[in-house]
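Content type PDB, C-alpha atoms, from the file data-v4.pdb:
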```
ATOM      1  CA  MET M   1      51.205  -0.273  19.119
ATOM      2  CA  ALA M   2      48.505  -1.582  21.473
ATOM      3  CA  TYR M   3      46.152   1.208  20.358
ATOM      4  CA  LEU M   4      46.819   0.414  16.694
ATOM      5  CA  LEU M   5      46.230  -3.289  17.308
ATOM      6  CA  PHE M   6      42.996  -2.572  19.176
ATOM      7  CA  GLY M   7      41.792  -0.300  16.374
ATOM      8  CA  PHE M   8      42.607  -2.933  13.782
ATOM      9  CA  VAL M   9      40.711  -5.614  15.727
ATOM     10  CA  TRP M  10      37.747  -3.251  16.197
ATOM     11  CA  ILE M  11      37.540  -2.534  12.445
ATOM     12  CA  ILE M  12      37.635  -6.258  11.661
ATOM     13  CA  ALA M  13      34.906  -6.939  14.239
ATOM     14  CA  CYS M  14      32.682  -4.182  12.798
ATOM     15  CA  ASN M  15      33.194  -5.491   9.280
ATOM     16  CA  ASP M  16      32.281  -8.995  10.451
ATOM     17  CA  ILE M  17      29.094  -7.702  12.110
ATOM     18  CA  ASN M  18      28.082  -5.683   9.044
ATOM     19  CA  HIS M  19      28.788  -8.656   6.795
ATOM     20  CA  GLN M  20      26.779 -10.904   9.097
ATOM     21  CA  ASN M  21      23.812  -8.482   9.157
ATOM     22  CA  THR M  22      23.896  -8.183   5.372
ATOM     23  CA  ALA M  23      24.101 -11.956   5.000
ATOM     24  CA  GLU M  24      21.129 -12.418   7.334
ATOM     25  CA  LYS M  25      19.025  -9.995   5.263
ATOM     26  CA  GLU M  26      20.000 -11.751   2.072
ATOM     27  CA  GLU M  27      19.233 -15.187   3.491
ATOM     28  CA  LEU M  28      15.757 -14.369   4.790
ATOM     29  CA  SER M  29      13.071 -16.232   2.881
ATOM     30  CA  ALA M  30      10.197 -14.451   1.170
ATOM     31  CA  SER M  31       7.874 -15.789   3.850
ATOM     32  CA  ALA M  32      10.085 -14.529   6.700
ATOM     33  CA  ILE M  33      10.321 -11.069   5.152
ATOM     34  CA  MET M  34       6.578 -10.930   4.613
ATOM     35  CA  GLN M  35       5.923 -12.041   8.188
ATOM     36  CA  ARG M  36       8.092  -9.198   9.499
ATOM     37  CA  ALA M  37       6.306  -6.742   7.220
ATOM     38  CA  HIS M  38       2.965  -7.855   8.652
ATOM     39  CA  GLU M  39       4.235  -7.403  12.193
ATOM     40  CA  LYS M  40       5.564  -3.929  11.382
ATOM     41  CA  ALA M  41       2.255  -2.875   9.809
ATOM     42  CA  GLY M  42       0.195  -3.961  12.802
ATOM     43  CA  GLY M  43       0.051  -7.749  12.943
ATOM     44  CA  GLU M  44      -3.274  -9.546  13.033
ATOM     45  CA  PHE M  45      -5.205  -6.331  13.677
ATOM     46  CA  TRP M  46      -3.792  -4.809  10.478
ATOM     47  CA  SER M  47      -4.116  -7.935   8.336
ATOM     48  CA  ARG M  48      -7.763  -8.635   9.204
ATOM     49  CA  PRO M  49      -9.556  -5.293   9.617
ATOM     50  CA  GLN M  50     -13.302  -4.927   9.225
ATOM     51  CA  SER M  51     -13.192  -1.389   7.875
ATOM     52  CA  LEU M  52     -10.817   1.508   7.242
ATOM     53  CA  SER M  53     -11.591   5.217   6.862
ATOM     54  CA  LEU M  54      -8.897   7.539   5.466
ATOM     55  CA  PHE M  55      -9.044  11.344   5.386
ATOM     56  CA  GLY M  56      -6.748  13.813   3.688
ATOM     57  CA  HIS M  57      -6.089  15.792   0.517
ATOM     58  CA  GLY M  58      -4.474  15.291  -2.865
ATOM     59  CA  ILE M  59      -2.314  16.843  -5.548
ATOM     60  CA  PHE M  60      -3.162  15.820  -9.115
ATOM     61  CA  TYR M  61      -0.737  16.376 -11.972
ATOM     62  CA  GLU M  62      -2.401  17.363 -15.234
ATOM     63  CA  ASN M  63      -0.894  18.953 -18.356
ATOM     64  CA  GLY M  64       2.217  20.053 -16.505
ATOM     65  CA  GLU M  65       0.294  21.586 -13.616
ATOM     66  CA  ALA M  66      -0.241  20.505 -10.007
ATOM     67  CA  VAL M  67      -3.908  20.852  -9.039
ATOM     68  CA  GLN M  68      -4.958  20.817  -5.389
ATOM     69  CA  HIS M  69      -7.807  18.680  -4.097
ATOM     70  CA  LYS M  70      -8.333  19.995  -0.584
ATOM     71  CA  ARG M  71     -10.515  17.033   0.386
ATOM     72  CA  HIS M  72      -9.762  13.438  -0.557
ATOM     73  CA  ASN M  73     -11.270  10.595   1.468
ATOM     74  CA  MET M  74     -11.682   6.842   1.229
ATOM     75  CA  TRP M  75     -13.779   4.289   3.085
ATOM     76  CA  ARG M  76     -13.279   0.525   2.861
ATOM     77  CA  VAL M  77     -15.193  -2.461   4.169
ATOM     78  CA  PHE M  78     -13.055  -5.572   3.878
ATOM     79  CA  GLU M  79     -13.928  -9.157   3.051
ATOM     80  CA  SER M  80     -12.208 -11.887   5.036
ATOM     81  CA  LYS M  81     -11.058 -13.649   1.837
ATOM     82  CA  LYS M  82      -9.604 -12.420  -1.437
ATOM     83  CA  ASP M  83      -8.934 -14.753  -4.374
ATOM     84  CA  ALA M  84      -7.715 -12.154  -6.887
ATOM     85  CA  ALA M  85      -5.575  -9.108  -6.177
ATOM     86  CA  HIS M  86      -6.874  -6.706  -8.799
ATOM     87  CA  ILE M  87     -10.638  -6.998  -8.702
ATOM     88  CA  ALA M  88     -13.010  -5.092  -6.443
ATOM     89  CA  ASN M  89     -14.179  -6.866  -3.324
ATOM     90  CA  GLY M  90     -15.730  -5.791  -0.069
ATOM     91  CA  LYS M  91     -17.006  -2.221  -0.337
ATOM     92  CA  VAL M  92     -15.244   1.023  -1.177
ATOM     93  CA  ARG M  93     -15.971   4.723  -1.562
ATOM     94  CA  ILE M  94     -13.410   7.228  -2.868
ATOM     95  CA  GLU M  95     -14.239  10.924  -3.135
ATOM     96  CA  SER M  96     -12.080  13.850  -4.188
ATOM     97  CA  PHE M  97     -13.089  17.511  -4.193
ATOM     98  CA  ARG M  98     -11.675  20.330  -6.323
ATOM     99  CA  ASN M  99     -12.705  23.943  -5.652
ATOM    100  CA  GLY M 100     -15.325  22.716  -3.209
ATOM    101  CA  GLN M 101     -17.037  20.465  -5.750
ATOM    102  CA  PRO M 102     -16.768  16.665  -6.178
ATOM    103  CA  PHE M 103     -14.225  16.144  -8.960
ATOM    104  CA  PHE M 104     -14.732  12.416  -8.835
ATOM    105  CA  LEU M 105     -16.712  10.104  -6.619
ATOM    106  CA  ILE M 106     -16.760   6.357  -7.101
ATOM    107  CA  THR M 107     -18.200   3.593  -4.947
ATOM    108  CA  TYR M 108     -18.567  -0.175  -4.972
ATOM    109  CA  ASP M 109     -21.294  -1.718  -2.836
ATOM    110  CA  GLY M 110     -20.121  -5.316  -3.108
ATOM    111  CA  GLU M 111     -21.890  -5.894  -6.405
ATOM    112  CA  ASN M 112     -22.345  -2.653  -8.347
ATOM    113  CA  THR M 113     -20.100   0.308  -9.113
ATOM    114  CA  TYR M 114     -21.396   3.895  -9.067
ATOM    115  CA  ASP M 115     -19.904   7.252  -9.977
ATOM    116  CA  LEU M 116     -21.302  10.747 -10.458
ATOM    117  CA  ASN M 117     -23.128   9.481 -13.561
ATOM    118  CA  GLY M 118     -24.864   6.674 -11.676
ATOM    119  CA  LYS M 119     -24.498   2.901 -11.874
ATOM    120  CA  GLN M 120     -21.682   1.799 -14.172
ATOM    121  CA  GLU M 121     -21.627  -0.989 -16.735
ATOM    122  CA  LYS M 122     -19.777  -3.983 -15.263
ATOM    123  CA  SER M 123     -16.928  -4.451 -17.740
ATOM    124  CA  ALA M 124     -15.972  -0.764 -17.650
ATOM    125  CA  ALA M 125     -16.165  -0.794 -13.860
ATOM    126  CA  ASP M 126     -13.976  -3.896 -13.640
ATOM    127  CA  GLN M 127     -11.283  -2.238 -15.752
ATOM    128  CA  ARG M 128     -11.456   0.854 -13.589
ATOM    129  CA  TRP M 129     -11.023  -1.096 -10.357
ATOM    130  CA  ALA M 130      -8.222  -3.187 -11.883
ATOM    131  CA  SER M 131      -6.223   0.039 -12.174
ATOM    132  CA  ASN M 132      -6.663   0.717  -8.461
ATOM    133  CA  PHE M 133      -7.001  -2.462  -6.419
ATOM    134  CA  GLY M 134      -3.691  -4.091  -5.497
ATOM    135  CA  TYR M 135      -2.222  -3.123  -2.142
ATOM    136  CA  GLY M 136      -4.782  -5.049  -0.077
ATOM    137  CA  VAL M 137      -3.575  -8.402  -1.375
ATOM    138  CA  ILE M 138      -0.603  -8.203   0.980
ATOM    139  CA  ARG M 139      -2.954  -8.812   3.890
ATOM    140  CA  HIS M 140      -3.787 -12.210   2.370
ATOM    141  CA  ALA M 141      -0.215 -13.240   1.577
ATOM    142  CA  PHE M 142      -0.410 -16.251   3.889
ATOM    143  CA  ASP M 143      -3.887 -17.370   2.852
ATOM    144  CA  GLU M 144      -4.427 -20.746   1.219
ATOM    145  CA  GLY M 145      -3.611 -20.734  -2.484
ATOM    146  CA  TYR M 146      -1.178 -17.787  -2.337
ATOM    147  CA  ARG M 147       2.519 -18.020  -3.212
ATOM    148  CA  LEU M 148       5.440 -15.757  -2.347
ATOM    149  CA  GLU M 149       8.597 -15.278  -4.390
ATOM    150  CA  LYS M 150      11.707 -13.331  -3.495
ATOM    151  CA  VAL M 151      12.518 -11.272  -6.593
ATOM    152  CA  GLY M 152      15.546  -9.202  -5.617
ATOM    153  CA  MET M 153      16.466  -5.903  -4.010
ATOM    154  CA  ASP M 154      16.018  -2.212  -4.781
ATOM    155  CA  THR M 155      16.188   1.216  -3.138
ATOM    156  CA  ILE M 156      13.139   3.363  -2.369
ATOM    157  CA  ASN M 157      13.635   6.854  -0.942
ATOM    158  CA  GLN M 158      17.250   5.958  -0.113
ATOM    159  CA  GLU M 159      16.228   2.832   1.826
ATOM    160  CA  ALA M 160      17.344  -0.613   0.676
ATOM    161  CA  THR M 161      14.409  -2.946   0.073
ATOM    162  CA  HIS M 162      13.557  -6.596  -0.432
ATOM    163  CA  GLN M 163      11.277  -7.191  -3.407
ATOM    164  CA  ILE M 164       8.623  -9.845  -2.835
ATOM    165  CA  LYS M 165       6.129 -11.029  -5.429
ATOM    166  CA  ILE M 166       2.702 -12.198  -4.247
ATOM    167  CA  ILE M 167       0.915 -14.573  -6.599
ATOM    168  CA  ASP M 168      -2.781 -14.946  -5.826
ATOM    169  CA  PRO M 169      -4.881 -18.096  -6.410
ATOM    170  CA  LYS M 170      -6.041 -16.724  -9.796
ATOM    171  CA  GLY M 171      -2.440 -16.203 -10.940
ATOM    172  CA  GLY M 172      -2.376 -12.424 -10.501
ATOM    173  CA  GLU M 173       1.026 -11.006  -9.583
ATOM    174  CA  THR M 174       1.751  -8.038  -7.329
ATOM    175  CA  LEU M 175       5.225  -6.778  -6.453
ATOM    176  CA  PHE M 176       5.996  -5.284  -3.041
ATOM    177  CA  ASP M 177       9.087  -3.511  -1.717
ATOM    178  CA  ILE M 178       9.791  -3.982   1.983
ATOM    179  CA  THR M 179      12.623  -2.093   3.672
ATOM    180  CA  GLN M 180      15.544  -4.247   4.748
ATOM    181  CA  ASN M 181      16.169  -2.223   7.890
ATOM    182  CA  ASP M 182      12.735  -2.111   9.535
ATOM    183  CA  TYR M 183      10.326  -3.941   7.182
ATOM    184  CA  LYS M 184       8.090  -1.046   6.161
ATOM    185  CA  ILE M 185       5.934  -1.657   3.075
ATOM    186  CA  VAL M 186       7.115   1.179   0.824
ATOM    187  CA  ARG M 187       6.095   0.235  -2.718
ATOM    188  CA  VAL M 188       3.532  -1.814  -4.604
ATOM    189  CA  GLY M 189       3.574  -2.415  -8.357
ATOM    190  CA  PHE M 190       1.298  -4.291 -10.759
ATOM    191  CA  GLU M 191       0.036  -4.338 -14.340
ATOM    192  CA  THR M 192      -3.231  -2.519 -15.021
ATOM    193  CA  PRO M 193      -5.364  -1.575 -18.053
ATOM    194  CA  ARG M 194      -3.581   1.801 -17.821
ATOM    195  CA  GLY M 195      -0.134   0.188 -17.862
ATOM    196  CA  TRP M 196       2.359  -0.572 -15.095
ATOM    197  CA  HIS M 197       1.194   1.059 -11.857
ATOM    198  CA  GLU M 198       3.329   1.855  -8.824
ATOM    199  CA  ARG M 199       2.619   3.454  -5.474
ATOM    200  CA  ILE M 200       5.353   4.727  -3.169
ATOM    201  CA  TYR M 201       4.502   4.936   0.545
ATOM    202  CA  SER M 202       6.206   7.254   3.048
ATOM    203  CA  ASN M 203       5.647   9.612   6.019
ATOM    204  CA  PHE M 204       4.212   6.829   8.191
ATOM    205  CA  PHE M 205       2.297   7.634  11.365
ATOM    206  CA  THR M 206       0.281   5.874  14.073
ATOM    207  CA  LYS M 207      -2.537   6.548  16.537
ATOM    208  CA  GLU M 208      -2.700   5.421  20.152
ATOM    209  CA  ALA M 209      -6.072   3.778  19.592
ATOM    210  CA  TYR M 210      -4.822   1.280  16.992
ATOM    211  CA  ASN M 211      -1.972  -1.075  16.271
ATOM    212  CA  TRP M 212      -1.793   0.297  12.733
ATOM    213  CA  PHE M 213       1.148   1.775  10.788
ATOM    214  CA  GLN M 214      -0.352   4.166   8.244
ATOM    215  CA  ALA M 215       1.417   5.785   5.286
ATOM    216  CA  GLY M 216       0.889   9.544   5.379
ATOM    217  CA  LYS M 217       1.917  10.017   1.755
ATOM    218  CA  VAL M 218       1.147   7.890  -1.290
ATOM    219  CA  GLU M 219       2.687   8.737  -4.674
ATOM    220  CA  LEU M 220       0.891   7.133  -7.631
ATOM    221  CA  PHE M 221       2.541   6.470 -10.990
ATOM    222  CA  TYR M 222       1.289   4.987 -14.261
ATOM    223  CA  LYS M 223       3.858   4.004 -16.915
ATOM    224  CA  GLY M 224       6.518   5.796 -14.878
ATOM    225  CA  LYS M 225       4.673   9.126 -14.886
ATOM    226  CA  LYS M 226       3.377  10.555 -11.622
ATOM    227  CA  ALA M 227      -0.405  10.914 -11.633
ATOM    228  CA  ASN M 228      -1.035  12.222  -8.138
ATOM    229  CA  ASP M 229       0.055  12.430  -4.520
ATOM    230  CA  ILE M 230      -2.379  11.555  -1.753
ATOM    231  CA  ILE M 231      -1.691  12.939   1.716
ATOM    232  CA  TRP M 232      -3.480  11.080   4.490
ATOM    233  CA  THR M 233      -3.773  13.061   7.715
ATOM    234  CA  ASP M 234      -6.127  10.873   9.768
ATOM    235  CA  PHE M 235      -7.655   7.420   9.806
ATOM    236  CA  GLU M 236     -10.081   5.231  11.734
ATOM    237  CA  VAL M 237     -10.249   1.436  11.848
ATOM    238  CA  ASN M 238     -13.232  -0.871  12.354
ATOM    239  CA  GLU M 239     -15.874   1.817  12.513
ATOM    240  CA  SER M 240     -19.392   0.743  11.546
ATOM    241  CA  LEU M 241     -19.980   2.066   8.012
ATOM    242  CA  ALA M 242     -23.535   2.283   6.672
ATOM    243  CA  ASP M 243     -24.359   0.432   3.454
ATOM    244  CA  SER M 244     -25.812   3.669   2.072
ATOM    245  CA  LEU M 245     -22.316   5.191   2.041
ATOM    246  CA  PHE M 246     -21.432   2.908  -0.891
ATOM    247  CA  VAL M 247     -24.484   3.502  -3.082
ATOM    248  CA  LEU M 248     -24.962   6.670  -5.152
TER     249      LEU M 248
END
```

Output the file's structure in the form of structure tokens.
Amino acid sequence: MAYLLFGFVWIIACNDINHQNTAEKEELSASAIMQRAHEKAGGEFWSRPQSLSLFGHGIFYENGEAVQHKRHNMWRVFESKKDAAHIANGKVRIESFRNGQPFFLITYDGENTYDLNGKQEKSAADQRWASNFGYGVIRHAFDEGYRLEKVGMDTINQEATHQIKIIDPKGGETLFDITQNDYKIVRVGFETPRGWHERIYSNFFTKEAYNWFQAGKVELFYKGKKANDIIWTDFEVNESLADSLFVL
């Protein structure tokens, strides 16, 4: 009887703890969740980098086929402020090679956009960047003029998530999924000229040199259809990047 009573009490205690943990996750404010996500990603060092270099490869899905890009790299120089989530700012270079040749190469030098055809007309360039820029706004979530809203919950790769909407000073909205268990940033979603865009982040890794939690795999979707997978295998933070890298 004593064993049965002990087991009964133990089950009740476990249920109370689980209920309490669930209640705590549900009661966290959008700001508290976002703060924990920042800490998980790397804190102040992650939220205010000077530059980021990413190296890896990609898989692009076209006409029912998966096409390998054995070299896919990105370089970013960050601005300290960002007023709108989905416009280009700072500097960026993205290059992707198929069969040893550049399949696409696009840069932004802080004012002009270039691709393999040269300098691009501004309105076309703005639409192009609006389909790509979005994740970086999370670093500015606590800046003046930004608002956070707790939207709900979901599940990404079998992990329960909090959904937090970031509204920038220009009114742009970006949706983020943050895991309830350990506060990883695992999804971003936003409207683009190409339709609703989502990125799923997984296979996180770190390096001893940096307080930086990097996604090793990024899955990109437009209108619910997967466009490509990017596999990042290495990164560097706060290297000095020459201006010439961003001009073609």

Pick from M:His38, M:Lys170, M:Phe97, M:Ile230, whichever lies nearest to Gly216 in chain M using only C-alpha atoms: M:Ile230

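Counting all atoms listed in the file and comparing M:Asp83, M:Arg194, M:Leu241, M:Phe204, the residue that lies closest to Gly172 in chain M is M:Asp83.
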
Evaluate the PyMOL selection byres ((chain M and resi 210) around 12) here and jot the selected residues down as a list in words. Ala41, Gly42, Gly43, Glu44, Phe45, Trp46, Pro49, Leu52, Phe205, Thr206, Lys207, Glu208, Ala209, Asn211, Trp212, Phe213, Gln214, Phe235, Glu236, Val237, Asn238 and Glu239 of chain M

Applied to this file, what does the PyMOL selection byres ((chain M and resi 200-202) around 10) return in terms of residues, put as an MDAnalysis selection string? chainID M and resid 156:157 177 184:189 198:199 203:205 214:221 229:231

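Each of M:His140, M:Gln127, M:Lys150, M:Ile166 was compared to Gly195 in chain M using only C-alpha atoms, and M:Gln127 turns out to be the nearest.
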
Which residues come within 10 Å of Glu173 in chain M, counting all atoms listed in the file, excluding same-chain residues fewer than 6 positions away, as a count of residues only? 13

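Proximity to Lys223 in chain M was assessed for M:Ser131, M:Ser123, M:Ile164, M:Ala37 counting only C-alpha atoms; the smallest distance is recorded for M:Ser131.
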
Run the PyMOL selection byres ((chain M and resi 30) around 7) on the file and write out the hits as a list of chain:residue names. M:Leu28, M:Ser29, M:Ser31, M:Ala32, M:Ile33, M:Met34, M:Leu148, M:Glu149, M:Lys150, M:Ile164

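In this structure, CA of Leu245 in chain M sits 11.2 Å away from CA of Glu95 in chain M.
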
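Candidate residues M:Gln35, M:Arg48, M:Arg76, M:His57 were compared for distance to Asn228 in chain M, and the nearest is M:His57, using all atoms listed in the file.
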